[in-house]
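Asks: Structure supplied as query_36.cif; contents: mmCIF, C-alpha atoms and all ligand atoms.
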```cif
data_coords
loop_
_atom_site.label_atom_id
_atom_site.label_comp_id
_atom_site.auth_asym_id
_atom_site.auth_seq_id
_atom_site.Cartn_x
_atom_site.Cartn_y
_atom_site.Cartn_z
CA MET A 1 -12.26 8.14 -11.93
CA HIS A 2 -9.32 8.75 -14.24
CA SER A 3 -7.30 11.07 -12.01
CA LYS A 4 -3.90 9.89 -10.83
CA LYS A 5 -4.42 6.38 -9.47
CA TYR A 6 -2.08 4.10 -7.56
CA PHE A 7 -1.45 0.50 -8.56
CA ILE A 8 0.83 -0.83 -5.86
CA ALA A 9 2.14 -4.38 -5.77
CA ASN A 10 2.97 -6.17 -2.54
CA TRP A 11 5.02 -9.24 -3.32
CA LYS A 12 5.15 -10.24 0.37
CA MET A 13 7.59 -13.19 0.84
CA ASN A 14 7.73 -13.96 -2.87
CA GLY A 15 10.21 -13.29 -5.62
CA LEU A 16 13.62 -14.49 -6.69
CA LYS A 17 16.17 -12.68 -8.87
CA GLY A 18 14.65 -14.27 -11.97
CA ASP A 19 11.23 -12.83 -11.18
CA LEU A 20 12.40 -9.24 -11.59
CA ASN A 21 11.71 -9.50 -15.30
CA GLN A 22 7.99 -9.45 -14.40
CA ILE A 23 8.53 -5.86 -13.30
CA SER A 24 10.49 -4.96 -16.45
CA ILE A 25 7.64 -6.28 -18.60
CA ILE A 26 5.14 -4.11 -16.72
CA ASP A 27 7.46 -1.10 -17.06
CA ASN A 28 7.62 -1.65 -20.82
CA PHE A 29 3.86 -1.95 -21.01
CA LEU A 30 3.41 1.36 -19.17
CA LYS A 31 6.05 3.09 -21.31
CA LYS A 32 4.13 2.20 -24.45
CA LYS A 33 0.78 3.35 -23.09
CA ASN A 34 1.04 7.11 -23.01
CA LYS A 35 -2.51 7.55 -21.86
CA LEU A 36 -1.54 5.76 -18.66
CA SER A 37 1.08 8.37 -17.77
CA ALA A 38 -1.10 9.56 -14.93
CA LEU A 39 -0.82 6.24 -13.16
CA ASN A 40 1.47 5.60 -10.19
CA CYS A 41 2.91 2.12 -10.16
CA ILE A 42 5.02 0.91 -7.25
CA PHE A 43 6.36 -2.61 -6.65
CA CYS A 44 7.07 -3.39 -3.00
CA ILE A 45 9.41 -6.34 -3.06
CA PRO A 46 11.59 -8.30 -0.61
CA TYR A 47 14.87 -6.75 0.56
CA THR A 48 16.82 -9.56 -1.09
CA ILE A 49 15.94 -8.30 -4.55
CA LEU A 50 15.13 -4.66 -3.83
CA GLY A 51 18.73 -3.48 -4.23
CA LEU A 52 19.13 -5.45 -7.45
CA ALA A 53 15.96 -3.93 -8.86
CA LEU A 54 16.94 -0.38 -7.95
CA ILE A 55 20.46 -0.68 -9.30
CA ASN A 56 19.99 -2.90 -12.35
CA LEU A 57 16.52 -2.55 -13.79
CA LYS A 58 16.60 1.03 -15.19
CA LEU A 59 12.86 1.37 -14.84
CA LYS A 60 11.10 4.37 -16.35
CA LYS A 61 7.58 4.09 -14.98
CA VAL A 62 7.53 1.55 -12.18
CA LYS A 63 8.92 2.62 -8.79
CA ILE A 64 10.38 0.18 -6.32
CA GLY A 65 9.42 0.09 -2.65
CA ALA A 66 10.11 -1.96 0.48
CA GLN A 67 7.63 -3.80 2.71
CA ASP A 68 8.89 -2.60 6.07
CA VAL A 69 11.61 -0.56 7.82
CA SER A 70 13.22 -0.77 11.22
CA ASN A 71 11.59 1.16 14.05
CA GLU A 72 14.95 1.88 15.72
CA ALA A 73 15.64 5.57 16.25
CA PHE A 74 19.16 5.17 14.84
CA ASP A 75 20.37 4.58 11.30
CA PHE A 76 23.06 1.97 12.00
CA GLY A 77 23.80 -0.18 15.01
CA PRO A 78 23.14 -3.25 17.07
CA SER A 79 19.86 -4.44 15.60
CA THR A 80 20.43 -7.79 14.00
CA GLY A 81 18.17 -8.55 11.06
CA GLN A 82 16.79 -5.04 10.74
CA ILE A 83 16.98 -2.73 7.73
CA SER A 84 16.97 1.00 8.45
CA SER A 85 15.29 3.68 6.37
CA LYS A 86 18.73 5.20 5.85
CA MET A 87 19.85 1.98 4.14
CA LEU A 88 16.87 2.15 1.82
CA LYS A 89 17.53 5.81 1.13
CA ASP A 90 21.05 4.84 0.11
CA LEU A 91 19.50 2.71 -2.65
CA ASN A 92 17.23 5.57 -3.68
CA CYS A 93 14.19 3.65 -2.49
CA LYS A 94 11.31 6.11 -2.17
CA PHE A 95 8.43 4.00 -0.80
CA THR A 96 7.68 1.45 1.86
CA ILE A 97 4.63 -0.40 3.08
CA LEU A 98 4.15 -0.15 6.86
CA GLY A 99 1.65 -1.68 9.25
CA HIS A 100 0.59 -4.54 7.00
CA SER A 101 -1.73 -6.90 8.87
CA GLU A 102 0.73 -9.75 8.33
CA LYS A 103 3.41 -7.70 10.14
CA ARG A 104 0.94 -6.68 12.84
CA PHE A 105 0.08 -10.36 13.27
CA ASN A 106 3.78 -11.08 13.78
CA GLY A 107 4.04 -8.53 16.56
CA ASP A 108 4.23 -5.02 15.11
CA THR A 109 2.59 -2.67 17.60
CA GLU A 110 0.95 0.69 16.90
CA HIS A 111 3.81 2.35 18.73
CA GLN A 112 6.41 0.65 16.53
CA ILE A 113 4.45 1.49 13.39
CA SER A 114 4.36 5.11 14.49
CA GLN A 115 8.14 5.08 15.02
CA LYS A 116 8.66 3.47 11.60
CA ILE A 117 6.61 6.17 9.89
CA GLY A 118 8.83 8.84 11.44
CA MET A 119 12.08 7.13 10.42
CA ALA A 120 10.87 6.46 6.88
CA VAL A 121 9.64 9.97 6.17
CA LYS A 122 12.78 11.55 7.68
CA ASN A 123 14.68 9.56 5.07
CA ASN A 124 12.51 10.78 2.26
CA ILE A 125 10.59 7.54 1.94
CA LYS A 126 6.84 7.75 1.37
CA VAL A 127 4.76 5.40 3.47
CA ILE A 128 1.94 3.14 2.34
CA LEU A 129 0.21 2.69 5.69
CA CYS A 130 -2.05 -0.35 5.92
CA VAL A 131 -5.06 -0.45 8.20
CA GLY A 132 -7.96 -2.89 8.41
CA GLU A 133 -10.17 -4.96 10.67
CA ASN A 134 -10.46 -8.71 11.13
CA LEU A 135 -13.55 -10.80 10.37
CA LYS A 136 -14.75 -10.79 13.96
CA ASP A 137 -14.75 -7.00 14.11
CA TYR A 138 -16.34 -6.78 10.67
CA LYS A 139 -19.18 -9.04 11.77
CA LYS A 140 -19.67 -6.99 14.92
CA LYS A 141 -19.82 -3.84 12.75
CA LYS A 142 -16.72 -2.51 14.44
CA SER A 143 -14.68 -2.02 11.26
CA PHE A 144 -14.51 1.73 11.29
CA TYR A 145 -13.95 1.89 15.02
CA LYS A 146 -10.90 -0.41 14.60
CA VAL A 147 -9.50 1.45 11.61
CA LYS A 148 -9.98 4.81 13.32
CA LYS A 149 -8.05 3.55 16.34
CA GLN A 150 -5.19 2.32 14.13
CA LEU A 151 -5.04 5.67 12.35
CA GLN A 152 -5.21 7.65 15.56
CA LEU A 153 -2.40 5.73 17.21
CA SER A 154 -0.02 5.67 14.29
CA LEU A 155 -0.58 9.29 13.26
CA LYS A 156 -0.78 11.26 16.47
CA LYS A 157 3.01 11.68 16.72
CA ASN A 158 3.47 12.01 12.97
CA LYS A 159 1.32 15.03 12.24
CA LYS A 160 4.05 16.80 10.32
CA TYR A 161 4.52 13.80 8.04
CA LEU A 162 0.94 13.25 6.93
CA LYS A 163 1.47 14.43 3.38
CA ASN A 164 3.94 11.60 2.91
CA ILE A 165 1.47 8.86 3.65
CA ILE A 166 -0.73 6.89 1.28
CA PHE A 167 -3.42 5.06 3.25
CA ALA A 168 -4.35 1.51 2.32
CA TYR A 169 -7.59 0.05 3.66
CA GLU A 170 -7.13 -3.71 3.71
CA PRO A 171 -9.85 -5.70 5.49
CA ILE A 172 -7.96 -8.71 6.85
CA TRP A 173 -10.83 -11.05 5.97
CA SER A 174 -10.47 -10.10 2.33
CA ILE A 175 -6.71 -10.63 2.01
CA GLY A 176 -5.95 -13.78 0.03
CA THR A 177 -9.52 -15.08 0.32
CA GLY A 178 -10.98 -14.00 -3.01
CA ILE A 179 -13.75 -12.24 -1.08
CA ILE A 180 -14.18 -8.50 -1.49
CA PRO A 181 -16.54 -6.17 0.36
CA GLU A 182 -19.70 -4.95 -1.34
CA ASN A 183 -19.38 -1.75 -3.34
CA SER A 184 -21.87 0.10 -1.18
CA TYR A 185 -19.92 -0.88 1.93
CA LEU A 186 -16.63 0.29 0.42
CA ASN A 187 -18.07 3.55 -0.88
CA ASN A 188 -19.36 4.34 2.55
CA PHE A 189 -16.14 3.23 4.25
CA PHE A 190 -13.90 5.34 2.01
CA LEU A 191 -16.10 8.33 2.67
CA LYS A 192 -15.76 7.78 6.42
CA ILE A 193 -11.97 7.38 6.33
CA LYS A 194 -11.49 10.47 4.19
CA LYS A 195 -13.84 12.53 6.34
CA TYR A 196 -12.11 11.40 9.50
CA LEU A 197 -8.64 12.25 8.16
CA LYS A 198 -9.88 15.61 6.96
CA ASN A 199 -11.57 16.56 10.20
CA GLU A 200 -9.01 15.13 12.59
CA PHE A 201 -5.76 15.70 10.71
CA LYS A 202 -6.70 18.37 8.14
CA ILE A 203 -5.56 16.35 5.14
CA LYS A 204 -7.05 15.44 1.81
CA ALA A 205 -5.89 11.86 2.05
CA THR A 206 -5.03 9.41 -0.69
CA VAL A 207 -6.75 6.15 0.23
CA ILE A 208 -6.40 2.91 -1.70
CA TYR A 209 -8.00 -0.52 -1.33
CA GLY A 210 -6.27 -3.87 -0.82
CA GLY A 211 -7.65 -7.39 -0.48
CA SER A 212 -8.05 -9.98 -3.26
CA VAL A 213 -7.88 -7.41 -6.06
CA SER A 214 -7.75 -9.36 -9.32
CA PRO A 215 -8.62 -9.15 -13.02
CA LYS A 216 -11.89 -10.88 -12.10
CA ASN A 217 -13.19 -8.22 -9.72
CA ILE A 218 -11.52 -5.00 -10.90
CA ASN A 219 -14.57 -4.01 -12.95
CA GLU A 220 -16.57 -4.05 -9.76
CA LEU A 221 -13.92 -2.33 -7.66
CA LYS A 222 -13.39 0.47 -10.12
CA ASN A 223 -16.83 1.82 -9.26
CA ILE A 224 -15.74 2.92 -5.80
CA ASP A 225 -15.62 6.63 -6.46
CA LEU A 226 -13.42 7.71 -3.59
CA CYS A 227 -10.85 4.95 -4.02
CA ASP A 228 -7.50 6.28 -5.22
CA GLY A 229 -6.06 2.95 -6.29
CA PHE A 230 -5.18 -0.56 -5.20
CA LEU A 231 -2.68 -2.55 -3.17
CA ILE A 232 -2.36 -5.87 -4.92
CA GLY A 233 -0.88 -9.05 -3.47
CA GLY A 234 -1.25 -12.37 -5.29
CA ALA A 235 -2.32 -10.85 -8.60
CA SER A 236 0.86 -8.74 -8.74
CA LEU A 237 3.20 -11.72 -8.97
CA LYS A 238 2.58 -12.37 -12.66
CA HIS A 239 2.77 -9.53 -15.14
CA LYS A 240 -0.26 -10.77 -17.06
CA ASN A 241 -2.64 -10.45 -14.11
CA PHE A 242 -1.26 -7.08 -13.08
CA ILE A 243 -1.48 -5.68 -16.61
CA ASP A 244 -5.00 -7.11 -16.99
CA ILE A 245 -6.07 -5.23 -13.88
CA ILE A 246 -4.74 -1.96 -15.29
CA LYS A 247 -6.22 -2.56 -18.74
CA LYS A 248 -9.65 -3.38 -17.34
CA TYR A 249 -9.52 -0.42 -14.98
CA TYR A 250 -8.94 2.03 -17.82
CA ASN A 251 -11.27 0.41 -20.33
P1 LIG B 301 -4.06 -10.28 -1.91
O1 LIG B 301 -4.24 -9.34 -3.09
O2 LIG B 301 -3.25 -11.48 -2.24
O3 LIG B 301 -5.37 -10.57 -1.26
O4 LIG B 301 -3.19 -9.47 -0.82
C1 LIG B 301 -3.58 -8.20 -0.47
C2 LIG B 301 -2.53 -7.60 0.37
O5 LIG B 301 -2.31 -8.03 1.50
C3 LIG B 301 -1.74 -6.51 -0.20
O6 LIG B 301 -0.97 -5.88 0.76
#
```
In structure tokens, how does this file's structure come out?
Replies:
Amino acid sequence: MHSKKYFIANWKMNGLKGDLNQISIIDNFLKKKNKLSALNCIFCIPYTILGLALINLKLKKVKIGAQDVSNEAFDFGPSTGQISSKMLKDLNCKFTILGHSEKRFNGDTEHQISQKIGMAVKNNIKVILCVGENLKDYKKKKSFYKVKKQLQLSLKKNKKYLKNIIFAYEPIWSIGTGIIPENSYLNNFFLKIKKYLKNEFKIKATVIYGGSVSPKNINELKNIDLCDGFLIGGASLKHKNFIDIIKKYYN
């Protein structure tokens, strides 16, 4: 359980300049805890403060990532409102979330997600690829079928980039609800995802869990043997909650 784990924050549409000190506090905490050196910590924050963080914060342990990139096949051009992977590379940004259910809900298609993966990896940006089913599919026991489809469609044209992807299983019905799946369900689900990626794409995948992760339920979630870490929304906004999650995980 104590191999290199990922603790990734997704700030979503939250965070002003003044909130960047939350990240500095977490960086200081990790610097002091040598035994946590094997931990990967990435904060995926809005574009408006991402440049500031990468240029000003001088972080030692925490890495900064984005929450999306443009799917355009070009680096610069007529695409109002979009941010290209090249622009993020210019800031030395090394990670981005892609395919989050909130982006999918707003119109991101599998095809676009697949294009985004290609553009990100070509620019040396590692992808945190989110997949997950909605409540209806969960109730119909179609969760794995849905997730498999998402993986298939976004990966088939990105086979040479697979090593640059961290997979995040985020059941939509768990995001922001305080409800998490049962341990036995998650253990089984992680096994299935990893097996599928191994058989179909020949990779030993890193797979993390996202959905209502908090200091209250981390003791339960840490028992999922095959889980390589967590993608944390609400509980990543305040340093205390985020640090509590890490402390409890390693206790
Ligand atoms: P919450 O932790 O707020 O449920 O959000 C999870 C999530 O969507 C992370 O990407």
Asks: Applying 12 Å and all atoms listed in the file, which residues near Leu129 (chain A) remain after dropping the ones on its own chain fewer than 6 positions away? List them as an MDAnalysis selection string.
Replies: chainID A and resid 67:68 95:101 103:104 110 113:114 116:117 120:121 147 150:151 154:155 162 164:170 205:210 231
Asks: Select the residues contacting ligand LIG 301 (chain B) at a distance of at most 7 Å, based on all atoms listed in the file, then format the selection as a list in words.
Replies: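 Checked against 7 Å with all atoms listed in the file; the hits are Asn10, His100, Glu170, Ser174, Ile175, Gly176, Thr177, Gly178, Gly210, Gly211, Ser212, Val213, Leu231, Ile232, Gly233, Gly234 and Ala235 of chain A.
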Asks: Choose the residue, out of A:Tyr250, A:Lys142, A:Lys240, A:Ser184, that has the smallest atom-to-atom separation from Gln22 (chain A); count all atoms listed in the file.
Replies: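 Result for the nearest residue to Gln22 (chain A): A:Lys240.
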Asks: What gap, in Å, lies between CA of Phe201 (chain A) and CA of Leu153 (chain A)?
Replies: 12.4 Å
Asks: Could you please determine the separation between CA of Asn40 (chain A) and CA of Lys4 (chain A) in Å, to one decimal place?
Replies: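 Interatomic distance here is 6.9 Å.
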Asks: Mind checking which residues fall within 9 Å of Lys122 (chain A), counting all atoms listed in the file, ignoring those fewer than 5 positions away in the same chain, and posting them as a PyMOL selection string?
Replies: chain A and resi 85-86+117+161
Asks: Take the residues from that selection and put them in a file with C-alpha atoms, as a JSON list (two decimals), keeping the file's coordinate frame.
Replies:
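File part-v3.json, as written:
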```
[["chain", "number", "residue", "atom", "x", "y", "z"],
["A", 85, "SER", "CA", 15.29, 3.68, 6.37],
["A", 86, "LYS", "CA", 18.73, 5.20, 5.85],
["A", 117, "ILE", "CA", 6.61, 6.17, 9.89],
["A", 161, "TYR", "CA", 4.52, 13.80, 8.04]]
```
Asks: Which is closest to Asn158 (chain A) among A:Leu135, A:Val127, A:Ile42, A:Leu186, if we use all atoms listed in the file?
Replies: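 Looking at the shortest contact to Asn158 (chain A), the residue is A:Val127.
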